[in-house]
>>> print(open('start_35.cif').read())   # mmCIF, C-alpha atoms and all ligand atoms
data_target
#
loop_
_atom_site.group_PDB
_atom_site.id
_atom_site.type_symbol
_atom_site.label_atom_id
_atom_site.label_comp_id
_atom_site.auth_asym_id
_atom_site.auth_seq_id
_atom_site.Cartn_x
_atom_site.Cartn_y
_atom_site.Cartn_z
ATOM 1 C CA MET X 1 2.352 -1.500 -25.002
ATOM 2 C CA LEU X 2 6.055 -2.421 -25.234
ATOM 3 C CA ASP X 3 6.481 -3.183 -28.933
ATOM 4 C CA GLY X 4 10.179 -3.518 -29.796
ATOM 5 C CA LYS X 5 11.349 -2.533 -26.298
ATOM 6 C CA LYS X 6 14.286 -4.313 -24.658
ATOM 7 C CA VAL X 7 13.591 -5.095 -21.008
ATOM 8 C CA ILE X 8 15.607 -6.705 -18.207
ATOM 9 C CA VAL X 9 13.866 -8.303 -15.211
ATOM 10 C CA THR X 10 15.912 -9.299 -12.150
ATOM 11 C CA GLY X 11 14.407 -12.169 -10.207
ATOM 12 C CA GLY X 12 12.772 -13.117 -13.504
ATOM 13 C CA GLY X 13 12.951 -16.818 -12.693
ATOM 14 C CA SER X 14 9.995 -16.851 -10.314
ATOM 15 C CA GLY X 15 6.801 -15.260 -9.054
ATOM 16 C CA ILE X 16 6.262 -11.582 -9.846
ATOM 17 C CA GLY X 17 9.461 -11.361 -11.899
ATOM 18 C CA ARG X 18 8.405 -14.281 -14.096
ATOM 19 C CA ALA X 19 4.895 -12.883 -14.585
ATOM 20 C CA THR X 20 6.431 -9.523 -15.547
ATOM 21 C CA CYS X 21 8.721 -11.201 -18.110
ATOM 22 C CA VAL X 22 5.766 -13.005 -19.691
ATOM 23 C CA LEU X 23 3.461 -9.965 -19.747
ATOM 24 C CA ALA X 24 6.232 -7.699 -21.116
ATOM 25 C CA ALA X 25 6.783 -10.299 -23.860
ATOM 26 C CA ALA X 26 3.056 -10.518 -24.594
ATOM 27 C CA GLU X 27 3.150 -6.717 -24.975
ATOM 28 C CA GLY X 28 5.957 -6.997 -27.561
ATOM 29 C CA ALA X 29 9.212 -6.635 -25.593
ATOM 30 C CA ASP X 30 12.347 -8.723 -25.923
ATOM 31 C CA VAL X 31 13.244 -9.839 -22.411
ATOM 32 C CA ALA X 32 16.467 -10.563 -20.522
ATOM 33 C CA VAL X 33 15.659 -12.884 -17.631
ATOM 34 C CA ALA X 34 18.244 -12.167 -14.921
ATOM 35 C CA ASP X 35 18.311 -14.500 -11.938
ATOM 36 C CA ILE X 36 20.667 -16.322 -9.603
ATOM 37 C CA ASN X 37 18.821 -19.571 -10.381
ATOM 38 C CA PRO X 38 19.535 -20.574 -13.996
ATOM 39 C CA GLY X 39 17.106 -23.526 -13.887
ATOM 40 C CA THR X 40 13.971 -21.502 -13.168
ATOM 41 C CA ALA X 41 15.221 -18.620 -15.324
ATOM 42 C CA ALA X 42 15.503 -21.037 -18.282
ATOM 43 C CA GLU X 43 11.835 -21.977 -17.794
ATOM 44 C CA THR X 44 10.907 -18.280 -17.916
ATOM 45 C CA VAL X 45 12.984 -17.857 -21.090
ATOM 46 C CA SER X 46 10.873 -20.588 -22.755
ATOM 47 C CA MET X 47 7.660 -18.929 -21.579
ATOM 48 C CA VAL X 48 8.833 -15.601 -23.032
ATOM 49 C CA GLU X 49 9.862 -17.182 -26.356
ATOM 50 C CA LYS X 50 6.384 -18.703 -26.673
ATOM 51 C CA GLN X 51 5.101 -15.103 -26.964
ATOM 52 C CA GLY X 52 7.067 -14.765 -30.235
ATOM 53 C CA VAL X 53 9.784 -12.415 -28.977
ATOM 54 C CA LYS X 54 13.456 -12.847 -28.117
ATOM 55 C CA ALA X 55 14.672 -13.863 -24.669
ATOM 56 C CA ILE X 56 18.069 -14.313 -23.077
ATOM 57 C CA LEU X 57 19.081 -15.785 -19.744
ATOM 58 C CA ILE X 58 21.534 -13.886 -17.556
ATOM 59 C CA GLU X 59 22.728 -15.858 -14.556
ATOM 60 C CA MET X 60 23.766 -13.277 -11.983
ATOM 61 C CA ASP X 61 23.727 -12.165 -8.369
ATOM 62 C CA THR X 62 22.202 -8.689 -7.933
ATOM 63 C CA SER X 63 24.357 -8.008 -4.868
ATOM 64 C CA LYS X 64 27.559 -8.070 -6.937
ATOM 65 C CA LYS X 65 28.574 -4.961 -8.875
ATOM 66 C CA ALA X 66 30.470 -6.964 -11.505
ATOM 67 C CA ASP X 67 27.356 -9.090 -12.123
ATOM 68 C CA ALA X 68 25.126 -6.022 -12.464
ATOM 69 C CA GLU X 69 27.533 -4.528 -15.014
ATOM 70 C CA ARG X 70 27.773 -7.820 -16.906
ATOM 71 C CA MET X 71 23.969 -8.013 -16.896
ATOM 72 C CA ALA X 72 23.713 -4.652 -18.656
ATOM 73 C CA ALA X 73 26.516 -5.548 -21.090
ATOM 74 C CA GLU X 74 24.956 -8.906 -22.009
ATOM 75 C CA ALA X 75 21.579 -7.270 -22.636
ATOM 76 C CA VAL X 76 23.189 -4.666 -24.916
ATOM 77 C CA ASP X 77 25.158 -7.400 -26.743
ATOM 78 C CA ALA X 78 21.998 -9.402 -27.349
ATOM 79 C CA PHE X 79 19.471 -6.642 -28.034
ATOM 80 C CA GLY X 80 21.518 -3.562 -28.987
ATOM 81 C CA THR X 81 20.145 -1.426 -26.143
ATOM 82 C CA ILE X 82 18.132 -1.388 -22.907
ATOM 83 C CA ASP X 83 14.759 0.389 -22.640
ATOM 84 C CA GLY X 84 13.543 -0.899 -19.316
ATOM 85 C CA LEU X 85 14.588 -2.574 -16.080
ATOM 86 C CA VAL X 86 12.376 -4.197 -13.462
ATOM 87 C CA CYS X 87 14.074 -5.102 -10.173
ATOM 88 C CA CYS X 88 12.382 -7.960 -8.309
ATOM 89 C CA ALA X 89 15.137 -10.137 -6.882
ATOM 90 C CA ILE X 90 14.885 -10.749 -3.156
ATOM 91 C CA LYS X 91 15.706 -13.295 -0.505
ATOM 92 C CA LEU X 92 13.440 -12.852 2.512
ATOM 93 C CA VAL X 93 15.067 -13.996 5.748
ATOM 94 C CA PRO X 94 12.569 -13.641 8.625
ATOM 95 C CA GLY X 95 13.647 -13.100 12.201
ATOM 96 C CA LYS X 96 13.130 -11.187 15.429
ATOM 97 C CA LEU X 97 15.204 -8.037 15.660
ATOM 98 C CA GLU X 98 16.634 -9.007 19.057
ATOM 99 C CA ASP X 99 18.499 -11.952 17.593
ATOM 100 C CA LEU X 100 18.692 -11.204 13.880
ATOM 101 C CA PRO X 101 22.119 -12.346 12.676
ATOM 102 C CA GLU X 102 24.235 -9.693 10.985
ATOM 103 C CA ALA X 103 24.634 -12.047 8.026
ATOM 104 C CA ASP X 104 20.833 -12.183 7.505
ATOM 105 C CA TRP X 105 20.585 -8.379 7.635
ATOM 106 C CA ASP X 106 23.411 -8.095 5.107
ATOM 107 C CA MET X 107 21.976 -10.689 2.744
ATOM 108 C CA VAL X 108 18.554 -9.029 2.509
ATOM 109 C CA MET X 109 19.989 -5.523 2.171
ATOM 110 C CA ASP X 110 22.681 -6.577 -0.305
ATOM 111 C CA ILE X 111 20.295 -8.366 -2.665
ATOM 112 C CA GLY X 112 17.202 -6.211 -2.218
ATOM 113 C CA LEU X 113 18.561 -2.686 -1.761
ATOM 114 C CA LYS X 114 22.201 -2.465 -2.842
ATOM 115 C CA GLY X 115 21.287 -4.876 -5.632
ATOM 116 C CA TYR X 116 18.485 -2.588 -6.853
ATOM 117 C CA PHE X 117 20.982 0.307 -6.820
ATOM 118 C CA LEU X 118 23.707 -1.592 -8.694
ATOM 119 C CA CYS X 119 21.334 -2.925 -11.363
ATOM 120 C CA ALA X 120 19.618 0.444 -11.858
ATOM 121 C CA GLN X 121 22.988 2.188 -12.080
ATOM 122 C CA ALA X 122 24.369 -0.272 -14.646
ATOM 123 C CA ALA X 123 21.256 -0.457 -16.852
ATOM 124 C CA GLY X 124 20.454 3.209 -16.219
ATOM 125 C CA ARG X 125 23.749 4.389 -17.686
ATOM 126 C CA VAL X 126 22.783 2.791 -21.009
ATOM 127 C CA MET X 127 19.377 4.482 -20.894
ATOM 128 C CA LEU X 128 20.837 7.857 -19.866
ATOM 129 C CA ALA X 129 23.277 7.739 -22.781
ATOM 130 C CA LYS X 130 20.372 7.651 -25.242
ATOM 131 C CA GLY X 131 18.047 9.819 -23.156
ATOM 132 C CA SER X 132 15.168 7.397 -22.685
ATOM 133 C CA GLY X 133 14.118 4.468 -20.559
ATOM 134 C CA ALA X 134 12.162 3.361 -17.517
ATOM 135 C CA ILE X 135 13.025 1.624 -14.270
ATOM 136 C CA VAL X 136 10.555 -0.111 -11.968
ATOM 137 C CA PHE X 137 11.436 -1.275 -8.476
ATOM 138 C CA VAL X 138 9.219 -3.910 -6.915
ATOM 139 C CA SER X 139 8.998 -2.925 -3.261
ATOM 140 C CA SER X 140 6.185 -3.926 -0.877
ATOM 141 C CA ILE X 141 3.550 -2.448 1.395
ATOM 142 C CA GLY X 142 6.044 -3.764 3.966
ATOM 143 C CA GLY X 143 8.159 -0.788 2.907
ATOM 144 C CA MET X 144 5.274 1.619 3.597
ATOM 145 C CA GLN X 145 4.345 0.243 7.019
ATOM 146 C CA THR X 146 6.126 -2.064 9.457
ATOM 147 C CA TYR X 147 6.323 -5.769 8.652
ATOM 148 C CA PRO X 148 7.268 -7.144 12.076
ATOM 149 C CA LEU X 149 9.312 -10.349 12.400
ATOM 150 C CA ALA X 150 10.429 -10.176 8.768
ATOM 151 C CA GLY X 151 14.012 -9.293 9.676
ATOM 152 C CA ALA X 152 15.487 -6.502 7.547
ATOM 153 C CA TYR X 153 12.716 -6.780 4.932
ATOM 154 C CA SER X 154 10.760 -3.613 5.825
ATOM 155 C CA ILE X 155 13.916 -1.516 5.949
ATOM 156 C CA CYS X 156 15.091 -2.923 2.637
ATOM 157 C CA LYS X 157 11.721 -2.254 0.984
ATOM 158 C CA SER X 158 11.390 1.209 2.490
ATOM 159 C CA GLY X 159 14.840 2.026 1.151
ATOM 160 C CA ALA X 160 13.866 0.754 -2.286
ATOM 161 C CA ILE X 161 10.930 3.198 -2.415
ATOM 162 C CA MET X 162 13.195 6.135 -1.545
ATOM 163 C CA LEU X 163 15.914 4.960 -3.936
ATOM 164 C CA SER X 164 13.495 4.859 -6.867
ATOM 165 C CA LYS X 165 12.281 8.356 -5.968
ATOM 166 C CA LEU X 166 15.893 9.551 -6.056
ATOM 167 C CA PHE X 167 16.512 7.940 -9.435
ATOM 168 C CA GLY X 168 13.172 9.261 -10.659
ATOM 169 C CA VAL X 169 14.069 12.826 -9.725
ATOM 170 C CA GLU X 170 17.771 12.765 -10.672
ATOM 171 C CA TRP X 171 17.134 11.107 -14.042
ATOM 172 C CA GLY X 172 13.562 12.180 -14.924
ATOM 173 C CA GLY X 173 14.755 15.318 -16.685
ATOM 174 C CA ARG X 174 17.169 13.242 -18.737
ATOM 175 C CA GLY X 175 14.468 10.959 -20.130
ATOM 176 C CA VAL X 176 14.786 8.063 -17.702
ATOM 177 C CA ARG X 177 11.800 7.559 -15.409
ATOM 178 C CA ALA X 178 11.993 5.520 -12.200
ATOM 179 C CA ASN X 179 9.038 4.327 -10.135
ATOM 180 C CA THR X 180 8.063 1.720 -7.568
ATOM 181 C CA VAL X 181 5.215 -0.727 -7.309
ATOM 182 C CA SER X 182 4.390 -1.872 -3.783
ATOM 183 C CA PRO X 183 2.512 -5.164 -3.777
ATOM 184 C CA GLY X 184 0.469 -6.338 -0.838
ATOM 185 C CA GLN X 185 0.049 -10.071 -0.413
ATOM 186 C CA VAL X 186 0.859 -12.099 -3.513
ATOM 187 C CA ARG X 187 0.741 -15.861 -3.902
ATOM 188 C CA THR X 188 4.183 -16.784 -5.283
ATOM 189 C CA PRO X 189 6.793 -19.468 -4.565
ATOM 190 C CA MET X 190 8.131 -17.126 -1.824
ATOM 191 C CA THR X 191 4.817 -17.139 0.068
ATOM 192 C CA GLU X 192 3.289 -20.424 -1.099
ATOM 193 C CA ALA X 193 3.939 -22.314 2.154
ATOM 194 C CA MET X 194 1.645 -19.891 4.046
ATOM 195 C CA PHE X 195 -1.175 -20.296 1.563
ATOM 196 C CA GLN X 196 -1.030 -24.099 1.834
ATOM 197 C CA ASP X 197 -2.750 -23.718 5.210
ATOM 198 C CA PRO X 198 -6.461 -23.025 4.430
ATOM 199 C CA GLU X 199 -7.033 -21.150 7.684
ATOM 200 C CA ILE X 200 -4.074 -18.834 7.066
ATOM 201 C CA ALA X 201 -5.055 -18.403 3.407
ATOM 202 C CA ALA X 202 -8.614 -17.386 4.391
ATOM 203 C CA GLY X 203 -7.339 -15.093 7.154
ATOM 204 C CA ARG X 204 -4.922 -13.351 4.811
ATOM 205 C CA ALA X 205 -7.607 -12.792 2.164
ATOM 206 C CA ALA X 206 -9.965 -11.439 4.831
ATOM 207 C CA VAL X 207 -7.696 -8.470 5.670
ATOM 208 C CA VAL X 208 -7.725 -7.257 2.055
ATOM 209 C CA PRO X 209 -10.611 -4.859 1.288
ATOM 210 C CA MET X 210 -10.963 -6.436 -2.172
ATOM 211 C CA GLY X 211 -11.324 -9.845 -0.497
ATOM 212 C CA ARG X 212 -8.478 -11.759 -2.142
ATOM 213 C CA VAL X 213 -4.700 -11.857 -2.310
ATOM 214 C CA ALA X 214 -2.984 -10.928 -5.569
ATOM 215 C CA THR X 215 -1.699 -13.117 -8.351
ATOM 216 C CA PRO X 216 1.781 -12.375 -9.737
ATOM 217 C CA GLU X 217 0.000 -11.254 -12.919
ATOM 218 C CA ASP X 218 -1.858 -8.522 -10.985
ATOM 219 C CA ILE X 219 1.506 -7.021 -10.053
ATOM 220 C CA ALA X 220 3.031 -7.498 -13.505
ATOM 221 C CA GLU X 221 0.286 -5.238 -14.927
ATOM 222 C CA GLY X 222 1.608 -2.331 -12.858
ATOM 223 C CA CYS X 223 5.218 -3.018 -13.811
ATOM 224 C CA VAL X 224 4.445 -3.154 -17.530
ATOM 225 C CA PHE X 225 2.313 -0.007 -17.369
ATOM 226 C CA LEU X 226 5.111 1.921 -15.646
ATOM 227 C CA LEU X 227 7.632 0.657 -18.223
ATOM 228 C CA SER X 228 5.411 1.812 -21.068
ATOM 229 C CA GLU X 229 4.913 5.167 -22.765
ATOM 230 C CA ARG X 230 1.432 5.263 -21.213
ATOM 231 C CA ALA X 231 3.271 6.244 -18.009
ATOM 232 C CA ARG X 232 5.319 8.906 -19.811
ATOM 233 C CA TYR X 233 4.687 11.644 -17.225
ATOM 234 C CA ILE X 234 5.108 9.427 -14.148
ATOM 235 C CA THR X 235 8.408 9.424 -12.294
ATOM 236 C CA ALA X 236 9.405 9.132 -8.621
ATOM 237 C CA ALA X 237 5.999 7.612 -7.832
ATOM 238 C CA ASN X 238 5.090 4.663 -5.631
ATOM 239 C CA LEU X 239 2.052 2.636 -6.726
ATOM 240 C CA PRO X 240 0.596 0.267 -4.124
ATOM 241 C CA ILE X 241 -0.984 -2.810 -5.767
ATOM 242 C CA ASP X 242 -2.579 -4.381 -2.743
ATOM 243 C CA GLY X 243 -6.364 -4.530 -3.074
ATOM 244 C CA GLY X 244 -6.487 -1.611 -0.631
ATOM 245 C CA GLN X 245 -4.720 -3.365 2.256
ATOM 246 C CA VAL X 246 -2.230 -0.662 3.171
ATOM 247 C CA GLU X 247 -5.018 1.884 3.734
ATOM 248 C CA SER X 248 -7.406 -0.475 5.513
ATOM 249 C CA LYS X 249 -6.303 -0.424 9.155
ATOM 250 C CA MET X 250 -9.433 1.288 10.480
ATOM 251 C CA ILE X 251 -11.706 -1.198 8.742
ATOM 252 C CA HIS X 252 -10.266 -3.912 10.996
ATOM 253 C CA THR X 253 -10.358 -1.748 14.105
ATOM 254 C CA PRO X 254 -13.501 -2.322 16.207
ATOM 255 C CA GLY X 255 -15.866 0.460 17.251
ATOM 256 C CA ARG X 256 -17.680 2.075 14.351
ATOM 257 C CA ASN X 257 -20.246 3.749 16.519
ATOM 258 C CA TRP X 258 -20.694 7.490 16.227
ATOM 259 C CA GLY X 259 -23.488 9.086 18.231
ATOM 260 C CA GLY X 260 -25.330 5.766 18.607
ATOM 261 C CA ARG X 261 -25.273 4.951 14.867
ATOM 262 C CA LYS X 262 -23.413 1.638 14.456
ATOM 263 C CA ILE X 263 -22.179 0.801 10.936
ATOM 264 C CA GLU X 264 -20.845 -2.696 10.239
ATOM 265 C CA TYR X 265 -18.155 -3.344 7.640
ATOM 266 C CA ARG X 266 -18.956 -6.315 5.386
ATOM 267 C CA THR X 267 -17.007 -7.966 2.567
ATOM 268 C CA ASP X 268 -19.814 -10.299 1.421
HETATM 269 N N1 LIG R 1 5.052 -12.476 -2.760
HETATM 270 C C1 LIG R 1 4.619 -11.447 -2.065
HETATM 271 O O1 LIG R 1 3.649 -11.562 -1.295
HETATM 272 C C2 LIG R 1 5.265 -10.103 -2.206
HETATM 273 C C3 LIG R 1 4.638 -9.022 -1.576
HETATM 274 C C4 LIG R 1 5.210 -7.766 -1.683
HETATM 275 C C5 LIG R 1 6.386 -7.605 -2.401
HETATM 276 N N2 LIG R 1 6.983 -8.677 -2.998
HETATM 277 C C6 LIG R 1 8.225 -8.435 -3.724
HETATM 278 O O2 LIG R 1 8.121 -8.886 -5.050
HETATM 279 C C7 LIG R 1 9.417 -9.291 -5.522
HETATM 280 C C8 LIG R 1 9.329 -10.697 -6.062
HETATM 281 O O3 LIG R 1 8.856 -11.556 -5.038
HETATM 282 P P1 LIG R 1 8.298 -13.014 -5.329
HETATM 283 O O4 LIG R 1 7.274 -13.283 -4.311
HETATM 284 O O5 LIG R 1 7.969 -13.143 -6.772
HETATM 285 O O6 LIG R 1 9.600 -13.869 -4.943
HETATM 286 P P2 LIG R 1 10.191 -15.259 -5.498
HETATM 287 O O7 LIG R 1 10.956 -15.829 -4.354
HETATM 288 O O8 LIG R 1 9.120 -16.068 -6.126
HETATM 289 O O9 LIG R 1 11.200 -14.776 -6.633
HETATM 290 C C9 LIG R 1 12.387 -14.126 -6.309
HETATM 291 C C10 LIG R 1 13.400 -14.411 -7.400
HETATM 292 O O10 LIG R 1 14.617 -13.703 -7.070
HETATM 293 C C11 LIG R 1 15.717 -14.545 -7.375
HETATM 294 N N3 LIG R 1 16.886 -14.141 -6.598
HETATM 295 C C12 LIG R 1 17.098 -14.298 -5.265
HETATM 296 N N4 LIG R 1 18.294 -13.819 -4.931
HETATM 297 C C13 LIG R 1 18.864 -13.317 -6.067
HETATM 298 C C14 LIG R 1 20.087 -12.675 -6.354
HETATM 299 N N5 LIG R 1 21.002 -12.438 -5.391
HETATM 300 N N6 LIG R 1 20.349 -12.285 -7.617
HETATM 301 C C15 LIG R 1 19.441 -12.524 -8.598
HETATM 302 N N7 LIG R 1 18.256 -13.142 -8.389
HETATM 303 C C16 LIG R 1 17.969 -13.521 -7.129
HETATM 304 C C17 LIG R 1 15.237 -15.941 -7.005
HETATM 305 O O11 LIG R 1 16.033 -16.959 -7.601
HETATM 306 C C18 LIG R 1 13.801 -15.896 -7.523
HETATM 307 O O12 LIG R 1 13.729 -16.300 -8.864
HETATM 308 C C19 LIG R 1 10.353 -9.187 -4.314
HETATM 309 O O13 LIG R 1 11.087 -7.996 -4.392
HETATM 310 C C20 LIG R 1 9.393 -9.183 -3.141
HETATM 311 O O14 LIG R 1 9.928 -8.543 -2.018
HETATM 312 C C21 LIG R 1 6.436 -9.922 -2.926
#
>>> encode(input="start_35.cif", output="structure tokens", more="lines below")
Ligand SMILES: NC(=O)c1ccc[n+]([C@@H]2O[C@H](COP(=O)([O-])OP(=O)(O)OC[C@H]3O[C@@H](n4cnc5c(N)ncnc54)[C@H](O)[C@@H]3O)[C@@H](O)[C@H]2O)c1
Amino acid sequence: MLDGKKVIVTGGGSGIGRATCVLAAAEGADVAVADINPGTAAETVSMVEKQGVKAILIEMDTSKKADAERMAAEAVDAFGTIDGLVCCAIKLVPGKLEDLPEADWDMVMDIGLKGYFLCAQAAGRVMLAKGSGAIVFVSSIGGMQTYPLAGAYSICKSGAIMLSKLFGVEWGGRGVRANTVSPGQVRTPMTEAMFQDPEIAAGRAAVVPMGRVATPEDIAEGCVFLLSERARYITAANLPIDGGQVESKMIHTPGRNWGGRKIEYRTD
């Protein structure tokens, strides 16, 4: 699906970003793995190279404009151009709003929202200059509905959805599409501690209509599709990849009893 394409993935050293790097490579793309952690990013580079394509490591911090610009320049130096960008990098800092430190708010917003903007702007300029390319933001269903006690996360993710719509509309007519995927629950290094507790793991799966949480590979499928020509008429869209969770509130709300006819919801 991505034969010969040159793709950058921020946060490519772990979880959804890593799975996207590997799937993009399996679909024929050369991949720039951009991450603040060079150790894990180097592991992803090896995984990408095993697919028989080229990979480079870009150590960078998405919240810094100079790093975002260097990221785009290094990808062009290595590959000659940029055809796609997937933004995944995040640092989730949970907290109650009443005592959320300003520094925690800033960190999440700087990496996860300003960082998405800076990286899309830098890579997008290369794509605009040639009149083709695709950008995918990894947001969250936490950007579509509240995610209480997760600090600035919901705001950051909500902003990312709107930002990709803006890019998608401003740049769609110039050949550069921009879209969002919004994962539900995904088992990654970021969330692994929760899933170590069997009761929590079972409880989290139980609120998903499809009965399980996602793998990083489930999310990578959406990212690679939106990068590809198969998505050629899709821009400014937000694709939830959540097993139905974001639309499932009423399934978990008691009282399905209309006019004496009681209907039970079952997942088994
Ligand atoms: N795991 C989930 O349940 C879930 C659900 C919905 C959305 N998401 C979103 O998916 C994306 C990936 O999440 P994940 O679970 O794979 O996380 P992860 O923690 O496994 O990976 C995040 C990566 O981002 C990198 N990173 C952090 N700060 C950076 C910075 N300043 N500059 C560059 N790289 C930086 C980390 O080193 C790491 O490799 C995030 O945007 C997250 O919000 C995850």
>>> resolve_selection(input="start_35.cif", expression="the PyMOL selection byres (((chain X and resi 221-231) around 8) and not hetatm)", output="number ranges by chain")
X: 1-2, 20, 23-24, 84-86, 133-136, 179, 181, 217-220, 232-234, 239, 241
>>> axis_aligned_box(input="start_35.cif", around="ligand LIG 1 (chain R)", padding_each_side="5 Å", output="lines of an AutoDock Vina configuration file")
center_x = 12.3
center_y = -12.3
center_z = -5.1
size_x = 27.4
size_y = 19.4
size_z = 17.6
>>> closest_residue(input="start_35.cif", among="X:Ala29, X:Ala68, X:Ile141, X:Met60", to="Gly184 (chain X)", atoms="all atoms listed in the file")
X:Ile141
>>> resolve_selection(input="start_35.cif", expression="the PyMOL selection byres (((not hetatm)) within 7 of (chain R and resi 1))", output="PyMOL selection string")
chain X and resi 10-17+34-37+40+60-63+88-91+111-112+138-142+182-191+216
>>> atom_distance(input="start_35.cif", atom1="CA of Val53 (chain X)", atom2="CA of Val31 (chain X)")
7.9 Å
>>> residues_around(input="start_35.cif", residues="Ser248 (chain X)", least_positions_apart="6", cutoff="10 Å", atoms="only C-alpha atoms", output="PyMOL selection string")
chain X and resi 207-209
>>> resolve_selection(input="start_35.cif", expression="the PyMOL selection byres (((chain X and resi 79) around 10) and not hetatm)", output="PDB file with C-alpha atoms, in the frame of the given file")
ATOM      1  CA  GLY X   4      10.179  -3.518 -29.796  1.00  0.00           C
ATOM      2  CA  LYS X   5      11.349  -2.533 -26.298  1.00  0.00           C
ATOM      3  CA  LYS X   6      14.286  -4.313 -24.658  1.00  0.00           C
ATOM      4  CA  VAL X   7      13.591  -5.095 -21.008  1.00  0.00           C
ATOM      5  CA  ASP X  30      12.347  -8.723 -25.923  1.00  0.00           C
ATOM      6  CA  VAL X  31      13.244  -9.839 -22.411  1.00  0.00           C
ATOM      7  CA  ALA X  32      16.467 -10.563 -20.522  1.00  0.00           C
ATOM      8  CA  LYS X  54      13.456 -12.847 -28.117  1.00  0.00           C
ATOM      9  CA  ALA X  55      14.672 -13.863 -24.669  1.00  0.00           C
ATOM     10  CA  ILE X  56      18.069 -14.313 -23.077  1.00  0.00           C
ATOM     11  CA  ALA X  73      26.516  -5.548 -21.090  1.00  0.00           C
ATOM     12  CA  GLU X  74      24.956  -8.906 -22.009  1.00  0.00           C
ATOM     13  CA  ALA X  75      21.579  -7.270 -22.636  1.00  0.00           C
ATOM     14  CA  VAL X  76      23.189  -4.666 -24.916  1.00  0.00           C
ATOM     15  CA  ASP X  77      25.158  -7.400 -26.743  1.00  0.00           C
ATOM     16  CA  ALA X  78      21.998  -9.402 -27.349  1.00  0.00           C
ATOM     17  CA  GLY X  80      21.518  -3.562 -28.987  1.00  0.00           C
ATOM     18  CA  THR X  81      20.145  -1.426 -26.143  1.00  0.00           C
ATOM     19  CA  ILE X  82      18.132  -1.388 -22.907  1.00  0.00           C
TER      20      ILE X  82
END
>>> atom_distance(input="start_35.cif", atom1="CA of Gly115 (chain X)", atom2="CA of Lys64 (chain X)")
7.2 Å
